[in-house]
file data16.cif (mmCIF, C-alpha atoms)
data_work
loop_
_atom_site.label_atom_id
_atom_site.label_comp_id
_atom_site.auth_asym_id
_atom_site.auth_seq_id
_atom_site.Cartn_x
_atom_site.Cartn_y
_atom_site.Cartn_z
CA ARG A 478 25.41 -19.15 -14.59
CA GLY A 479 27.43 -22.34 -14.69
CA GLU A 480 30.46 -20.68 -13.09
CA ARG A 481 32.72 -22.65 -10.77
CA LEU A 482 35.50 -21.91 -8.32
CA LYS A 483 38.57 -24.02 -9.05
CA PRO A 484 41.30 -23.91 -6.35
CA PHE A 485 44.90 -23.82 -7.56
CA ALA A 486 46.60 -27.18 -6.73
CA VAL A 487 44.73 -27.70 -3.43
CA LYS A 488 43.37 -31.02 -2.09
CA GLN A 489 40.94 -31.55 0.79
CA VAL A 490 42.04 -34.55 2.87
CA ASP A 491 41.26 -36.23 6.19
CA HIS A 492 44.89 -36.06 7.29
CA LEU A 493 48.00 -34.38 5.94
CA THR A 494 50.00 -36.63 3.64
CA GLU A 495 52.88 -34.24 2.99
CA LYS A 496 55.14 -34.31 6.03
CA VAL A 497 57.45 -31.42 6.74
CA ASP A 498 61.04 -32.45 7.48
CA PRO A 499 61.65 -31.37 11.10
CA ARG A 500 65.40 -31.14 10.52
CA THR A 501 67.51 -28.80 8.44
CA ALA A 502 71.28 -28.78 8.10
CA TYR A 503 74.17 -27.19 6.25
CA LEU A 504 77.59 -28.49 5.24
CA PHE A 505 80.41 -26.20 4.09
CA THR A 506 84.17 -25.80 3.61
CA GLU A 507 86.11 -22.63 4.35
CA ARG A 508 87.08 -22.28 0.67
CA GLY A 509 85.84 -23.54 -2.64
CA ILE A 510 89.18 -24.42 -4.24
CA TYR A 511 92.42 -25.99 -2.95
CA ARG A 512 95.84 -26.88 -4.29
CA PRO A 513 97.31 -30.37 -3.88
CA GLY A 514 99.12 -30.45 -0.53
CA GLU A 515 96.66 -28.14 1.25
CA THR A 516 94.18 -29.04 4.01
CA VAL A 517 90.40 -28.78 3.68
CA GLN A 518 88.56 -27.55 6.78
CA PHE A 519 84.88 -28.49 6.84
CA LYS A 520 81.99 -28.11 9.25
CA PHE A 521 78.48 -29.51 9.53
CA PHE A 522 75.66 -28.12 11.65
CA ALA A 523 72.03 -29.14 12.04
CA ARG A 524 68.86 -27.74 13.58
CA ALA A 525 65.61 -29.51 14.49
CA TYR A 526 62.07 -28.28 15.01
CA GLU A 527 60.49 -29.96 18.02
CA ASP A 528 57.55 -28.88 20.19
CA HIS A 529 57.31 -25.57 18.36
CA LYS A 530 60.96 -24.78 19.14
CA ILE A 531 64.17 -24.76 17.16
CA VAL A 532 66.72 -26.92 18.99
CA SER A 533 70.14 -28.44 18.39
CA PRO A 534 69.89 -32.21 17.71
CA THR A 535 72.55 -33.07 20.29
CA GLY A 536 73.72 -36.68 20.16
CA ASP A 537 72.54 -37.38 16.62
CA GLU A 538 75.01 -39.36 14.54
CA ALA A 539 76.49 -37.86 11.40
CA LYS A 540 78.58 -39.74 8.86
CA ILE A 541 80.91 -37.62 6.71
CA THR A 542 82.43 -38.98 3.50
CA ILE A 543 84.63 -37.35 0.86
CA ILE A 544 84.64 -38.73 -2.70
CA ASN A 545 87.13 -37.84 -5.42
CA PRO A 546 86.31 -37.29 -9.14
CA ARG A 547 86.85 -41.02 -9.78
CA GLN A 548 84.14 -41.84 -7.20
CA ASP A 549 86.68 -43.29 -4.75
CA ILE A 550 85.96 -42.73 -1.05
CA LEU A 551 89.02 -41.02 0.42
CA TYR A 552 87.55 -40.08 3.80
CA SER A 553 84.82 -41.64 5.94
CA LYS A 554 84.17 -40.89 9.60
CA GLU A 555 81.23 -40.93 12.02
CA PHE A 556 80.56 -38.10 14.49
CA LYS A 557 78.13 -37.34 17.26
CA LEU A 558 76.73 -33.83 17.10
CA ASN A 559 77.77 -31.70 20.09
CA GLU A 560 75.57 -29.47 22.23
CA PHE A 561 75.50 -26.91 19.42
CA GLY A 562 74.38 -29.49 16.85
CA THR A 563 77.69 -29.30 14.96
CA CYS A 564 80.76 -31.36 14.07
CA HIS A 565 83.93 -30.47 12.19
CA ASP A 566 87.20 -31.97 10.98
CA SER A 567 89.95 -31.54 8.39
CA PHE A 568 91.01 -33.46 5.29
CA HIS A 569 94.50 -33.27 3.85
CA VAL A 570 94.76 -33.21 0.05
CA GLU A 571 97.88 -35.16 -0.85
CA LYS A 572 100.04 -33.84 -3.68
CA PHE A 573 99.43 -36.98 -5.75
CA PHE A 574 95.61 -36.71 -5.52
CA THR A 575 93.58 -36.31 -8.72
CA SER A 576 92.60 -32.80 -9.74
CA GLY A 577 88.92 -32.05 -10.25
CA THR A 578 85.66 -31.78 -8.32
CA TYR A 579 85.44 -33.50 -4.93
CA THR A 580 82.15 -34.19 -3.15
CA ILE A 581 81.72 -34.09 0.61
CA LYS A 582 78.56 -35.76 1.96
CA ALA A 583 76.90 -35.84 5.35
CA GLU A 584 74.26 -38.35 6.44
CA VAL A 585 72.59 -37.55 9.73
CA GLY A 586 69.76 -39.06 11.71
CA LYS A 587 68.88 -40.83 14.92
CA GLN A 588 69.46 -44.55 15.22
CA GLY A 589 66.53 -46.47 13.81
CA GLY A 590 65.15 -43.36 12.21
CA GLN A 591 65.22 -42.04 8.64
CA GLN A 592 68.47 -40.39 7.61
CA ALA A 593 68.82 -37.17 5.66
CA SER A 594 71.70 -36.53 3.25
CA TYR A 595 73.49 -33.25 2.50
CA SER A 596 76.39 -32.59 0.14
CA ARG A 597 78.77 -29.90 -1.09
CA THR A 598 81.58 -29.82 -3.64
CA PHE A 599 85.03 -28.25 -3.77
CA LEU A 600 87.76 -28.12 -6.41
CA VAL A 601 91.32 -29.39 -6.30
CA GLN A 602 93.50 -27.74 -8.93
CA GLU A 603 97.12 -26.92 -9.61
CA TYR A 604 97.87 -23.21 -9.70
CA LYS A 605 99.40 -22.11 -12.97
CA ARG A 606 100.85 -18.65 -13.22
CA PRO A 607 99.47 -16.91 -16.33
CA ARG A 608 102.12 -16.27 -18.92
CA HIS A 609 100.26 -13.96 -21.29
CA TYR A 610 97.33 -11.56 -21.29
CA VAL A 611 94.82 -10.13 -23.76
CA THR A 612 93.69 -6.55 -24.39
CA LEU A 613 90.71 -5.42 -26.50
CA SER A 614 90.35 -2.12 -28.34
CA LEU A 615 86.85 -1.19 -29.57
CA LYS A 616 86.36 1.77 -31.93
CA PRO A 617 83.28 2.66 -34.01
CA ASP A 618 83.84 3.53 -37.67
CA GLU A 619 81.94 3.72 -40.95
CA ARG A 620 82.50 2.57 -44.51
CA ALA A 621 80.77 2.61 -47.88
CA ALA A 622 78.01 0.03 -48.18
CA LYS A 623 78.17 -2.23 -51.22
CA ASP A 624 74.68 -3.68 -50.91
CA TYR A 625 73.09 -1.28 -53.40
CA VAL A 626 74.33 -0.60 -56.95
CA GLY A 627 74.39 3.08 -57.94
CA ILE A 628 73.44 4.28 -54.44
CA GLN A 629 76.06 5.70 -52.11
CA ARG A 630 75.34 4.68 -48.57
CA LYS A 631 77.45 4.27 -45.46
CA GLU A 632 77.26 1.59 -42.83
CA ASP A 633 78.54 1.65 -39.26
CA PHE A 634 80.84 -1.05 -37.95
CA LEU A 635 82.92 -1.77 -34.88
CA ALA A 636 86.67 -2.14 -35.33
CA VAL A 637 88.01 -4.64 -32.79
CA ASP A 638 91.73 -5.10 -32.15
CA VAL A 639 92.67 -8.22 -30.16
CA LYS A 640 96.22 -7.98 -28.83
CA SER A 641 98.04 -10.61 -26.77
CA GLN A 642 101.44 -10.29 -25.10
CA TYR A 643 103.58 -12.29 -22.71
CA TYR A 644 104.13 -10.87 -19.24
CA THR A 645 107.86 -11.21 -19.84
CA GLY A 646 107.55 -9.08 -22.98
CA GLY A 647 106.99 -9.88 -26.61
CA PRO A 648 103.86 -10.68 -28.63
CA VAL A 649 102.06 -14.02 -28.74
CA LYS A 650 102.68 -14.69 -32.42
CA HIS A 651 100.43 -16.82 -34.64
CA ALA A 652 98.25 -17.85 -31.69
CA LYS A 653 94.74 -19.22 -32.08
CA VAL A 654 91.98 -16.77 -31.10
CA ARG A 655 88.40 -17.73 -30.34
CA TRP A 656 86.05 -14.75 -30.22
CA LYS A 657 82.33 -14.10 -29.84
CA ALA A 658 80.11 -11.02 -30.19
CA MET A 659 76.79 -10.69 -28.35
CA LEU A 660 74.12 -8.00 -28.41
CA THR A 661 73.61 -7.31 -24.71
CA PRO A 662 71.19 -5.03 -22.81
CA VAL A 663 72.81 -1.96 -21.24
CA THR A 664 71.82 0.85 -18.89
CA HIS A 665 73.15 4.40 -18.70
CA LYS A 666 73.92 6.42 -15.61
CA VAL A 667 72.80 10.04 -15.71
CA GLU A 668 73.95 12.38 -12.96
CA GLY A 669 71.07 13.78 -10.94
CA PHE A 670 68.62 11.05 -12.04
CA ASP A 671 69.48 8.21 -9.66
CA ALA A 672 65.80 7.31 -9.23
CA PHE A 673 65.46 6.49 -12.94
CA THR A 674 66.67 3.63 -15.14
CA PHE A 675 67.93 4.66 -18.58
CA GLY A 676 68.24 1.87 -21.12
CA ASN A 677 67.21 -1.76 -20.84
CA ASP A 678 66.96 -3.67 -17.55
CA ASP A 679 66.34 -6.99 -19.34
CA SER A 680 68.91 -9.80 -19.03
CA GLU A 681 68.39 -11.58 -22.36
CA THR A 682 71.34 -11.42 -24.77
CA LEU A 683 71.33 -12.05 -28.53
CA PHE A 684 74.05 -13.85 -30.46
CA LEU A 685 75.67 -11.81 -33.25
CA GLU A 686 78.77 -13.59 -34.55
CA SER A 687 81.69 -15.80 -33.54
CA GLY A 688 84.79 -17.26 -35.12
CA GLU A 689 88.39 -18.47 -34.89
CA ALA A 690 91.50 -16.86 -36.34
CA LEU A 691 95.25 -16.41 -35.77
CA THR A 692 97.19 -13.41 -34.51
CA ASP A 693 99.84 -11.92 -36.78
CA ASP A 694 103.57 -11.65 -36.08
CA LYS A 695 102.81 -8.72 -33.76
CA GLY A 696 100.29 -10.69 -31.71
CA VAL A 697 97.34 -8.70 -33.09
CA LEU A 698 94.04 -9.78 -34.68
CA ASN A 699 91.79 -7.21 -36.40
CA LEU A 700 88.02 -7.80 -36.56
CA THR A 701 85.15 -5.80 -38.03
CA ILE A 702 81.61 -6.29 -36.72
CA PRO A 703 78.64 -4.51 -38.40
CA LEU A 704 76.67 -2.47 -35.89
CA ASP A 705 73.00 -3.25 -35.44
CA ALA A 706 70.60 -0.33 -35.79
CA ARG A 707 69.19 -1.16 -32.36
CA LEU A 708 72.45 0.08 -30.82
CA LEU A 709 71.46 3.66 -31.61
CA THR A 710 68.28 3.38 -29.54
CA GLY A 711 70.25 3.30 -26.27
CA MET A 712 69.06 -0.14 -25.14
CA TYR A 713 71.85 -2.40 -26.38
CA GLY A 714 75.62 -2.68 -26.53
CA VAL A 715 78.04 -5.13 -28.15
CA ASN A 716 79.81 -7.53 -25.80
CA ILE A 717 83.08 -8.91 -27.20
CA SER A 718 84.95 -11.83 -25.62
CA ALA A 719 88.27 -13.14 -26.96
CA THR A 720 90.38 -16.10 -25.79
CA VAL A 721 93.97 -16.46 -26.97
CA LEU A 722 95.78 -19.81 -26.71
CA ASP A 723 99.57 -19.74 -26.43
CA ILE A 724 101.96 -22.33 -27.86
CA ASP A 725 101.15 -24.76 -25.01
CA GLY A 726 97.40 -24.30 -25.37
CA GLU A 727 97.08 -22.22 -22.17
CA PRO A 728 94.20 -19.72 -22.45
CA ALA A 729 93.92 -16.04 -21.56
CA THR A 730 90.58 -14.25 -21.95
CA GLU A 731 89.42 -10.65 -22.04
CA VAL A 732 85.86 -9.28 -22.25
CA ALA A 733 84.81 -5.74 -23.20
CA THR A 734 81.51 -4.02 -24.04
CA TYR A 735 80.98 -1.26 -26.56
CA GLN A 736 78.18 0.95 -25.25
CA PRO A 737 77.34 3.93 -27.47
CA LYS A 738 75.76 6.91 -25.76
CA PRO A 739 72.69 8.03 -27.72
CA LEU A 740 71.76 11.65 -28.40
CA PHE A 741 68.69 11.36 -26.18
CA MET A 742 67.82 9.04 -23.32
CA VAL A 743 64.53 8.06 -21.70
CA GLY A 744 64.45 7.32 -17.97
CA ILE A 745 61.87 5.15 -16.18
CA SER A 746 61.29 5.44 -12.44
CA LYS A 747 62.49 2.40 -10.47
CA HIS A 748 59.89 -0.14 -9.31
CA PRO A 749 59.61 -3.68 -7.84
CA ASP A 750 60.25 -6.47 -10.33
CA GLN A 751 57.65 -8.89 -8.86
CA VAL A 752 54.11 -7.60 -8.27
CA GLN A 753 50.68 -9.14 -7.81
CA ASN A 754 47.53 -8.97 -9.92
CA GLY A 755 45.86 -5.58 -9.94
CA TYR A 756 49.14 -3.68 -9.49
CA ALA A 757 48.70 -0.02 -10.41
CA THR A 758 51.23 2.78 -10.22
CA PRO A 759 52.15 5.99 -12.04
CA LEU A 760 55.49 5.51 -13.79
CA ARG A 761 57.49 8.74 -13.83
CA LEU A 762 59.48 9.37 -16.99
CA ALA A 763 62.42 11.68 -17.69
CA VAL A 764 63.79 12.60 -21.12
CA VAL A 765 67.28 14.11 -21.33
CA ASP A 766 69.99 14.64 -23.93
CA ARG A 767 73.41 12.99 -23.79
CA ASP A 768 74.66 15.82 -21.54
CA GLY A 769 71.93 15.11 -18.96
CA LYS A 770 69.81 18.21 -19.72
CA LYS A 771 66.04 17.87 -19.89
CA ILE A 772 64.40 18.48 -23.27
CA SER A 773 61.75 21.18 -23.43
CA GLN A 774 58.99 19.16 -25.08
CA GLY A 775 58.26 16.07 -27.12
CA THR A 776 56.11 12.96 -27.37
CA LEU A 777 56.76 9.47 -26.06
CA GLN A 778 55.19 6.34 -27.49
CA ALA A 779 54.37 3.83 -24.76
CA CYS A 780 54.00 0.15 -25.58
CA ILE A 781 53.05 -2.77 -23.32
CA MET A 782 54.06 -6.23 -24.51
CA GLU A 783 53.05 -9.48 -22.83
CA LYS A 784 54.88 -12.80 -23.05
CA LYS A 785 52.55 -15.36 -24.56
CA TYR A 786 52.90 -19.13 -24.73
CA PHE A 787 51.90 -21.08 -27.83
CA TYR A 788 51.26 -24.83 -27.89
CA THR A 789 52.68 -25.89 -31.27
CA GLN A 790 53.45 -29.06 -33.20
CA LYS A 791 56.97 -29.65 -34.50
CA ARG A 792 58.41 -32.56 -36.41
CA ASP A 793 61.94 -33.70 -35.50
CA ASP A 794 64.60 -35.22 -37.81
CA ALA A 795 63.11 -38.70 -37.32
CA GLY A 796 59.68 -37.53 -38.48
CA THR A 797 58.06 -37.71 -35.04
CA VAL A 798 55.55 -34.98 -34.20
CA ASN A 799 56.24 -33.35 -30.83
CA TYR A 800 54.03 -30.92 -28.96
CA LEU A 801 56.05 -28.02 -27.58
CA TRP A 802 55.46 -24.79 -25.73
CA GLU A 803 56.84 -21.74 -27.56
CA GLU A 804 57.03 -18.24 -26.12
CA GLY A 805 57.01 -14.80 -27.70
CA TRP A 806 56.19 -11.17 -27.00
CA MET A 807 52.80 -9.91 -28.15
CA LYS A 808 52.09 -6.20 -28.44
CA GLY A 809 49.17 -4.99 -26.37
CA LEU A 810 48.46 -1.38 -25.41
CA THR A 811 50.09 1.56 -27.21
CA SER A 812 49.58 5.23 -26.39
CA GLN A 813 51.10 8.69 -26.85
CA ILE A 814 52.42 10.61 -23.83
CA PRO A 815 53.29 14.33 -24.01
CA VAL A 816 56.60 15.45 -22.51
CA LYS A 817 56.82 18.82 -20.79
CA ASN A 818 60.06 20.16 -19.32
CA GLY A 819 61.64 16.75 -19.73
CA GLU A 820 59.04 14.94 -17.61
CA ALA A 821 56.02 12.72 -18.24
CA VAL A 822 53.79 10.30 -16.33
CA PHE A 823 52.31 6.99 -17.49
CA ASP A 824 49.52 5.42 -15.42
CA LEU A 825 50.26 1.70 -15.43
CA GLN A 826 47.82 -1.03 -14.38
CA LEU A 827 48.54 -4.76 -14.65
CA ASN A 828 45.53 -6.94 -13.89
CA ASP A 829 46.48 -10.34 -15.33
CA PHE A 830 49.36 -12.57 -14.26
CA GLY A 831 52.31 -13.00 -16.63
CA ASN A 832 55.51 -11.30 -17.81
CA TYR A 833 55.36 -7.80 -19.28
CA LEU A 834 57.74 -5.44 -21.09
CA ILE A 835 56.91 -1.72 -21.04
CA SER A 836 58.86 0.46 -23.46
CA PHE A 837 58.92 4.21 -24.02
CA THR A 838 60.25 5.61 -27.32
CA LEU A 839 61.18 9.16 -28.30
CA GLU A 840 61.40 9.86 -32.05
CA GLU A 841 63.64 12.78 -32.89
CA LYS A 842 65.11 13.65 -36.31
CA ALA A 843 64.08 10.30 -37.86
CA GLN A 844 65.85 8.40 -35.08
CA LYS A 845 64.23 6.48 -32.22
CA TYR A 846 65.51 6.39 -28.64
CA THR A 847 64.02 3.78 -26.32
CA SER A 848 64.09 2.51 -22.76
CA GLN A 849 62.22 -0.51 -21.47
CA THR A 850 61.52 -2.21 -18.17
CA SER A 851 59.99 -5.53 -17.15
CA PHE A 852 57.34 -6.70 -14.67
CA LYS A 853 56.48 -10.16 -13.36
CA VAL A 854 52.87 -10.32 -12.28
CA GLY A 855 51.57 -13.17 -10.11
CA TRP A 856 53.22 -16.47 -9.23
CA GLU A 857 55.41 -18.33 -11.70
CA GLN A 858 54.27 -21.63 -10.17
CA TYR A 859 50.68 -20.68 -10.95
CA ASP A 860 51.58 -19.96 -14.56
CA GLU A 861 53.28 -23.35 -14.97
CA TRP A 862 50.40 -25.18 -13.29
CA LEU A 863 47.89 -23.45 -15.56
CA ARG A 864 49.73 -24.64 -18.69
CA GLN A 865 49.84 -28.19 -17.33
CA GLN A 866 46.12 -28.14 -16.64
CA SER A 867 45.34 -26.97 -20.17
CA ARG A 868 47.07 -30.07 -21.52
CA LYS A 869 44.97 -32.42 -19.39
CA GLU A 870 41.53 -30.87 -19.70
CA GLY A 871 39.80 -28.15 -21.62
CA ARG A 872 39.20 -24.79 -20.00
CA THR A 873 35.98 -22.81 -20.15
CA SER A 874 35.45 -19.06 -20.06
CA SER A 875 33.36 -19.39 -16.88
CA GLU A 876 36.18 -20.58 -14.61
CA VAL A 877 37.41 -18.54 -11.65
CA LEU A 878 40.83 -19.81 -10.61
CA LEU A 879 41.96 -19.35 -7.01
CA SER A 880 45.37 -19.63 -5.35
CA THR A 881 46.02 -20.43 -1.68
CA ALA A 882 48.97 -20.37 0.70
CA LYS A 883 49.18 -24.18 1.19
CA LYS A 884 48.54 -27.28 -0.91
CA GLU A 885 46.64 -29.25 1.76
CA PHE A 886 44.23 -28.33 4.55
CA ARG A 887 43.05 -30.59 7.38
CA THR A 888 39.24 -31.01 7.62
#
call {"tool": "encode", "arguments": {"input": "data16.cif", "output": "structure tokens"}}
result
Amino acid sequence: RGERLKPFAVKQVDHLTEKVDPRTAYLFTERGIYRPGETVQFKFFARAYEDHKIVSPTGDEAKITIINPRQDILYSKEFKLNEFGTCHDSFHVEKFFTSGTYTIKAEVGKQGGQQASYSRTFLVQEYKRPRHYVTLSLKPDERAAKDYVGIQRKEDFLAVDVKSQYYTGGPVKHAKVRWKAMLTPVTHKVEGFDAFTFGNDDSETLFLESGEALTDDKGVLNLTIPLDARLLTGMYGVNISATVLDIDGEPATEVATYQPKPLFMVGISKHPDQVQNGYATPLRLAVVDRDGKKISQGTLQACIMEKKYFYTQKRDDAGTVNYLWEEGWMKGLTSQIPVKNGEAVFDLQLNDFGNYLISFTLEEKAQKYTSQTSFKVGWEQYDEWLRQQSRKEGRTSSEVLLSTAKKEFRT
């Protein structure tokens, strides 16, 4: 029929060309940050794979160097690994040393052989006692909408009070405030339903608004942020972050999330995030009110969306045409699921590799309440390789693509 089997990134060779490094090592310090005048304790250990055994490379030479942010070498010393394949030492950070990120490197290998390099970083910073702090107050409210003439409508908004005070007492007057609002996924905890996820287990946030302003003579800044209709579905909350700079430009930051509790919530049974092609499972669903009581009956709308990649042309500011990969969610299967005694079951089957979002929506009194969960099907490396291949050569509908555990096999 003209079909062909096309292995995924596999070559057939007479001898293996990709050599596995027989040595592995790790370099670390006991802390990640130090003050000037303190001492850094570091240790390096290595392991080797020889004759099908993991051994300590006793006697191998290791050179340790420490470099400051200006790329000056402040420490350099050679060691011989002991019977445990380790070496260690200390480095004193003088009080006049530069603050910033320091790099510690280790080069190890037998004489005449190829050396391997390992590195870590640590910070040197002065400790400054905070002089002021920030508090956030988030309260929902409503006001008359002025978008429509002759029609009385109300719109919901979030009243945000940013307040900054010194630890010694007194407000931080006329201080600069930098703030940002993000629409962030949230989940709800319902007592007695620990095996279910209520809300949105996605990690993608959406930008809403940001700005700069000054506090008043009481150290307070008042903000109003219109509330998105998606907040009422139970999947999103508003994340507010505010940074206040005092008279010397020293910052203090506070972060808070407004998470409204919807009238009804949909729970999805927990599952593995990464699955393979052909994964099939019944997803258990629970529908409760805000008090955690199951509803008697209802209907859920299930929707499966798949992340698709589009190869598009875009012209930049210089007029050059660039070919870019864009991604977006495409709606696939939709179905209706009856709810009885607050429970329902959805038979899920994912046959093709990719990323999927499965949402379940309850519509009650002209309002929708939704929960969604995500699945990754197949290997991400396979997905990336497939897109690269499509750029190089055309694909046919008669290809069967295979994936294997290794990239090379000896004949």
call {"tool": "resolve_selection", "arguments": {"input": "data16.cif", "expression": "the PyMOL selection byres ((chain A and resi 591-600) around 10)", "output": "number ranges by chain"}}
result
A: 498, 500-512, 517, 521, 538-546, 576-590, 601-603
call {"tool": "resolve_selection", "arguments": {"input": "data16.cif", "expression": "the PyMOL selection byres ((chain A and resi 706-712) around 8)", "output": "PyMOL selection string"}}
result
chain A and resi 662-664+676-677+704-705+713-714+737-739+742+844-849
call {"tool": "residues_near_point", "arguments": {"input": "data16.cif", "point": "(51.8, -5.9, -13.8)", "cutoff": "10 Å", "atoms": "all atoms listed in the file", "output": "list of chain:residue names"}}
result
A:Asp750, A:Gln751, A:Val752, A:Gln753, A:Asn754, A:Gly755, A:Tyr756, A:Ala757, A:Thr758, A:Glu783, A:Leu825, A:Gln826, A:Leu827, A:Asn828, A:Asp829, A:Phe830, A:Gly831, A:Asn832, A:Tyr833, A:Leu834, A:Ile835, A:Ser851, A:Phe852, A:Lys853, A:Val854, A:Gly855
call {"tool": "axis_aligned_box", "arguments": {"input": "data16.cif", "around": "segment 823-838 of chain A", "padding_each_side": "8 Å", "output": "AutoDock Vina command-line options"}}
result
--center_x 52.9 --center_y -3.0 --center_z -20.6 --size_x 30.7 --size_y 36.0 --size_z 29.4
call {"tool": "residues_around", "arguments": {"input": "data16.cif", "residues": "Thr661 of chain A", "least_positions_apart": "4", "cutoff": "9 Å", "atoms": "only C-alpha atoms", "output": "number ranges by chain"}}
result
A: 680-684, 712-716, 734
call {"tool": "atom_distance", "arguments": {"input": "data16.cif", "atom1": "atom CA of Leu760 of chain A", "atom2": "atom CA of Gly805 of chain A"}}
result
24.7 Å
call {"tool": "atom_distance", "arguments": {"input": "data16.cif", "atom1": "atom CA of Arg655 of chain A", "atom2": "atom CA of Leu722 of chain A"}}
result
8.5 Å
call {"tool": "atom_distance", "arguments": {"input": "data16.cif", "atom1": "atom CA of Lys640 of chain A", "atom2": "atom CA of Lys623 of chain A"}}
result
29.3 Å
call {"tool": "residues_around", "arguments": {"input": "data16.cif", "residues": "Tyr788 of chain A", "least_positions_apart": "6", "cutoff": "9 Å", "atoms": "all atoms listed in the file", "output": "VMD selection string"}}
result
chain A and resid 800 to 804
call {"tool": "resolve_selection", "arguments": {"input": "data16.cif", "expression": "the PyMOL selection byres ((chain A and resi 566) around 8)", "output": "list in words"}}
result
Gln518, Phe519, Lys520, Cys564, His565, Ser567 and Phe568 of chain A
call {"tool": "closest_residue", "arguments": {"input": "data16.cif", "among": "A:Lys666, A:Tyr604, A:Trp806, A:Asp537", "to": "Phe556 of chain A", "atoms": "all atoms listed in the file"}}
result
A:Asp537
call {"tool": "residues_around", "arguments": {"input": "data16.cif", "residues": "Asn818 of chain A", "least_positions_apart": "6", "cutoff": "10 Å", "atoms": "all atoms listed in the file", "output": "mmCIF file with C-alpha atoms, keeping the file's coordinate frame"}}
result
data_model
loop_
_atom_site.group_PDB
_atom_site.id
_atom_site.type_symbol
_atom_site.label_atom_id
_atom_site.label_comp_id
_atom_site.auth_asym_id
_atom_site.auth_seq_id
_atom_site.Cartn_x
_atom_site.Cartn_y
_atom_site.Cartn_z
ATOM 1 C CA ALA A 763 62.420 11.680 -17.690
ATOM 2 C CA VAL A 764 63.790 12.600 -21.120
ATOM 3 C CA VAL A 765 67.280 14.110 -21.330
ATOM 4 C CA LYS A 770 69.810 18.210 -19.720
ATOM 5 C CA LYS A 771 66.040 17.870 -19.890
ATOM 6 C CA ILE A 772 64.400 18.480 -23.270
ATOM 7 C CA SER A 773 61.750 21.180 -23.430
ATOM 8 C CA GLN A 774 58.990 19.160 -25.080
ATOM 9 C CA GLY A 775 58.260 16.070 -27.120
#
call {"tool": "closest_residue", "arguments": {"input": "data16.cif", "among": "A:Ser746, A:Thr645, A:Ser533, A:Asn559", "to": "Pro607 of chain A", "atoms": "only C-alpha atoms"}}
result
A:Thr645
